[in-house]
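The structure under discussion appears below in the form of C-alpha cells.
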Amino acid sequence: LLTLHLPARPEFVATVRDAVGGLAEDLGLAPSARDALRLAVGEACGNAAVHGAPNATMTVRCRQDGAEFVVEVENAGDFHPQGPATMPG
C-alpha cells in the first residue's frame with residue numbers, strides 16, 4: 001500500500017506519522033486506532049533515527065494482511081527486538 005525511504009533523522013518522523021495516519025484514515029480505521037498507530041509509528045521511527053547507523057535510511061512499509069494493517073519500520077542499526085510489536089485489540 002505504501003513504502004517510504006527517508007533519511008533516518010528526527011525531522012522526518014512527523015512526515016512518516018502523517019503519511020501512515022492519512023493512509024489509515026483512507027482505509028477507514030477508527031480515530032482511536034489511527035491515534036494509536038500514529039504514536040507507535042512515531043516511536044518506531046524515532047528509535048530508527050536515534051539508534052540507526054549514521055547517515056542511514058529508514059524504510060517504512062504499510063500493507064494489509066487480511067483484516068490487519070501492518071506497518072514495518074526498518075533501518076541499519078543494532079536494535080534487535082524479540083519479535084514484532086502487536087497492538088492491543
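Numbering starts fresh at 1 for the residues of each chain in the C-alpha cells, the chains themselves are lettered A, B, ... in the order given, and ligands are numbered from 1 as they appear.
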Exercise. Excluding segment 20-26 of chain A and any residue of its chain fewer than 4 positions from it, enumerate the residues within 8 Å of it, using only C-alpha atoms, and give them as an MDAnalysis selection string.
Key: chainID A and resid 16 30:31 34:35 37:38 41 62
Practice problem: Find the residues around Val71 of chain A up to 12 Å (only C-alpha atoms counted), leave out those fewer than 3 positions away in its own chain, and share them as a count of residues only. | Solution: 31
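When DSSP reads the backbone of this structure, the residues of chain A it assigns to strand (DSSP E or B) are Leu2, Thr3, Leu4, His5, Leu6, Pro7, Gly52, Thr57, Met58, Thr59, Val60, Arg61, Cys62, Arg63, Gln64, Asp65, Glu68, Phe69, Val70, Val71, Glu72, Val73, Glu74 and Gly77 of chain A.
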Okay, now the selection with N, CA, C and O atoms, as a compact mmCIF listing (two decimals), in the first residue's frame?
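This is the output file result16.txt:
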# COMPACT_ATOMS: atom_id res chain seq x y z
N LEU A 2 1.95 1.22 0.80
CA LEU A 2 2.80 2.40 0.89
C LEU A 2 4.19 1.96 1.30
O LEU A 2 4.34 1.15 2.23
N THR A 3 5.21 2.48 0.63
CA THR A 3 6.60 2.28 1.03
C THR A 3 7.30 3.63 0.97
O THR A 3 7.20 4.34 -0.03
N LEU A 4 7.96 3.98 2.07
CA LEU A 4 8.71 5.23 2.15
C LEU A 4 10.17 4.92 2.43
O LEU A 4 10.46 4.05 3.26
N HIS A 5 11.06 5.63 1.79
CA HIS A 5 12.50 5.56 2.06
C HIS A 5 12.95 6.98 2.38
O HIS A 5 12.93 7.85 1.51
N LEU A 6 13.29 7.19 3.66
CA LEU A 6 13.66 8.53 4.11
C LEU A 6 14.92 8.47 4.96
O LEU A 6 15.22 7.43 5.55
N PRO A 7 15.64 9.58 5.05
CA PRO A 7 16.78 9.61 5.97
C PRO A 7 16.31 9.31 7.39
O PRO A 7 15.25 9.79 7.81
N GLY A 52 19.83 4.15 14.70
CA GLY A 52 20.31 3.68 13.41
C GLY A 52 21.74 4.09 13.16
O GLY A 52 22.32 4.91 13.87
N THR A 57 19.23 5.17 6.14
CA THR A 57 17.90 5.39 5.60
C THR A 57 16.93 4.50 6.37
O THR A 57 17.25 3.36 6.69
N MET A 58 15.74 5.04 6.68
CA MET A 58 14.71 4.17 7.25
C MET A 58 13.70 3.88 6.16
O MET A 58 13.40 4.73 5.32
N THR A 59 13.25 2.65 6.17
CA THR A 59 12.23 2.22 5.22
C THR A 59 10.98 1.88 6.01
O THR A 59 11.04 1.14 6.99
N VAL A 60 9.86 2.45 5.60
CA VAL A 60 8.58 2.21 6.24
C VAL A 60 7.66 1.58 5.20
O VAL A 60 7.47 2.14 4.12
N ARG A 61 7.14 0.41 5.54
CA ARG A 61 6.23 -0.31 4.64
C ARG A 61 4.88 -0.50 5.32
O ARG A 61 4.83 -0.96 6.45
N CYS A 62 3.82 -0.17 4.61
CA CYS A 62 2.46 -0.38 5.10
C CYS A 62 1.77 -1.36 4.15
O CYS A 62 1.86 -1.20 2.93
N ARG A 63 1.11 -2.34 4.75
CA ARG A 63 0.40 -3.33 3.93
C ARG A 63 -0.79 -3.86 4.71
O ARG A 63 -0.86 -3.70 5.92
N GLN A 64 -1.71 -4.45 3.99
CA GLN A 64 -2.82 -5.14 4.63
C GLN A 64 -2.54 -6.63 4.59
O GLN A 64 -2.06 -7.15 3.58
N ASP A 65 -2.82 -7.29 5.70
CA ASP A 65 -2.69 -8.74 5.81
C ASP A 65 -4.02 -9.24 6.34
O ASP A 65 -4.25 -9.24 7.54
N GLU A 68 -5.81 -7.12 9.02
CA GLU A 68 -4.80 -6.36 9.76
C GLU A 68 -4.11 -5.33 8.87
O GLU A 68 -3.87 -5.57 7.69
N PHE A 69 -3.79 -4.21 9.47
CA PHE A 69 -3.00 -3.16 8.83
C PHE A 69 -1.61 -3.26 9.45
O PHE A 69 -1.45 -3.08 10.66
N VAL A 70 -0.62 -3.57 8.65
CA VAL A 70 0.73 -3.85 9.14
C VAL A 70 1.67 -2.74 8.72
O VAL A 70 1.68 -2.33 7.56
N VAL A 71 2.46 -2.25 9.68
CA VAL A 71 3.47 -1.23 9.41
C VAL A 71 4.81 -1.79 9.87
O VAL A 71 4.95 -2.24 11.00
N GLU A 72 5.79 -1.77 8.97
CA GLU A 72 7.15 -2.21 9.29
C GLU A 72 8.09 -1.03 9.15
O GLU A 72 8.03 -0.31 8.15
N VAL A 73 8.95 -0.85 10.15
CA VAL A 73 9.96 0.20 10.11
C VAL A 73 11.31 -0.49 10.18
O VAL A 73 11.56 -1.29 11.07
N GLU A 74 12.17 -0.19 9.22
CA GLU A 74 13.47 -0.85 9.11
C GLU A 74 14.56 0.19 8.96
O GLU A 74 14.37 1.20 8.30
N GLY A 77 20.84 -0.61 11.97
CA GLY A 77 21.15 -0.31 13.37
C GLY A 77 21.40 -1.58 14.14
O GLY A 77 21.42 -2.67 13.58
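Between Asp18 of chain A and the candidates A:Leu39, A:Ala56, A:Asn75, A:Gly46, the tightest atom-to-atom separation, counting only C-alpha atoms, involves A:Leu39.
Residues lying within 10 Å of Asn55 of chain A, counting only C-alpha atoms and ignoring same-chain neighbours fewer than 6 positions away, are Pro7, Ala8, Arg9, Ala49 and Ala76 of chain A.
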Okay, now the selection with all heavy atoms, as an mmCIF file, in the first residue's frame?
data_model
loop_
_atom_site.group_PDB
_atom_site.id
_atom_site.type_symbol
_atom_site.label_atom_id
_atom_site.label_comp_id
_atom_site.auth_asym_id
_atom_site.auth_seq_id
_atom_site.Cartn_x
_atom_site.Cartn_y
_atom_site.Cartn_z
ATOM 1 N N PRO A 7 15.640 9.577 5.047
ATOM 2 C CA PRO A 7 16.780 9.607 5.965
ATOM 3 C C PRO A 7 16.309 9.311 7.391
ATOM 4 O O PRO A 7 15.249 9.786 7.808
ATOM 5 C CB PRO A 7 17.306 11.034 5.849
ATOM 6 C CG PRO A 7 16.828 11.509 4.512
ATOM 7 C CD PRO A 7 15.494 10.848 4.316
ATOM 8 N N ALA A 8 17.047 8.516 8.116
ATOM 9 C CA ALA A 8 16.696 8.163 9.498
ATOM 10 C C ALA A 8 17.125 9.301 10.419
ATOM 11 O O ALA A 8 18.094 9.192 11.172
ATOM 12 C CB ALA A 8 17.334 6.839 9.890
ATOM 13 N N ARG A 9 16.383 10.401 10.316
ATOM 14 C CA ARG A 9 16.666 11.593 11.128
ATOM 15 C C ARG A 9 15.365 12.070 11.764
ATOM 16 O O ARG A 9 14.286 11.922 11.172
ATOM 17 C CB ARG A 9 17.288 12.685 10.269
ATOM 18 C CG ARG A 9 18.656 12.291 9.717
ATOM 19 C CD ARG A 9 19.472 13.486 9.226
ATOM 20 N NE ARG A 9 18.727 14.435 8.430
ATOM 21 C CZ ARG A 9 18.844 14.560 7.097
ATOM 22 N NH1 ARG A 9 19.687 13.784 6.429
ATOM 23 N NH2 ARG A 9 18.137 15.465 6.457
ATOM 24 N N ALA A 49 15.727 6.706 14.055
ATOM 25 C CA ALA A 49 16.550 7.910 13.906
ATOM 26 C C ALA A 49 17.651 7.967 14.958
ATOM 27 O O ALA A 49 18.781 8.350 14.663
ATOM 28 C CB ALA A 49 15.666 9.154 13.989
ATOM 29 N N ALA A 76 19.246 0.556 9.337
ATOM 30 C CA ALA A 76 20.523 -0.089 9.637
ATOM 31 C C ALA A 76 20.910 0.322 11.053
ATOM 32 O O ALA A 76 21.215 1.471 11.305
ATOM 33 C CB ALA A 76 21.589 0.352 8.639
#
Exercise. Looking only at helix (DSSP H, G or I) from DSSP on the backbone, list the matching residues of chain A as a PyMOL selection string.
Key: chain A and resi 10-26+31-51
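Across the model, the gap from atom CA of Leu29 of chain A to atom CA of Ala14 of chain A is 19.3 Å.
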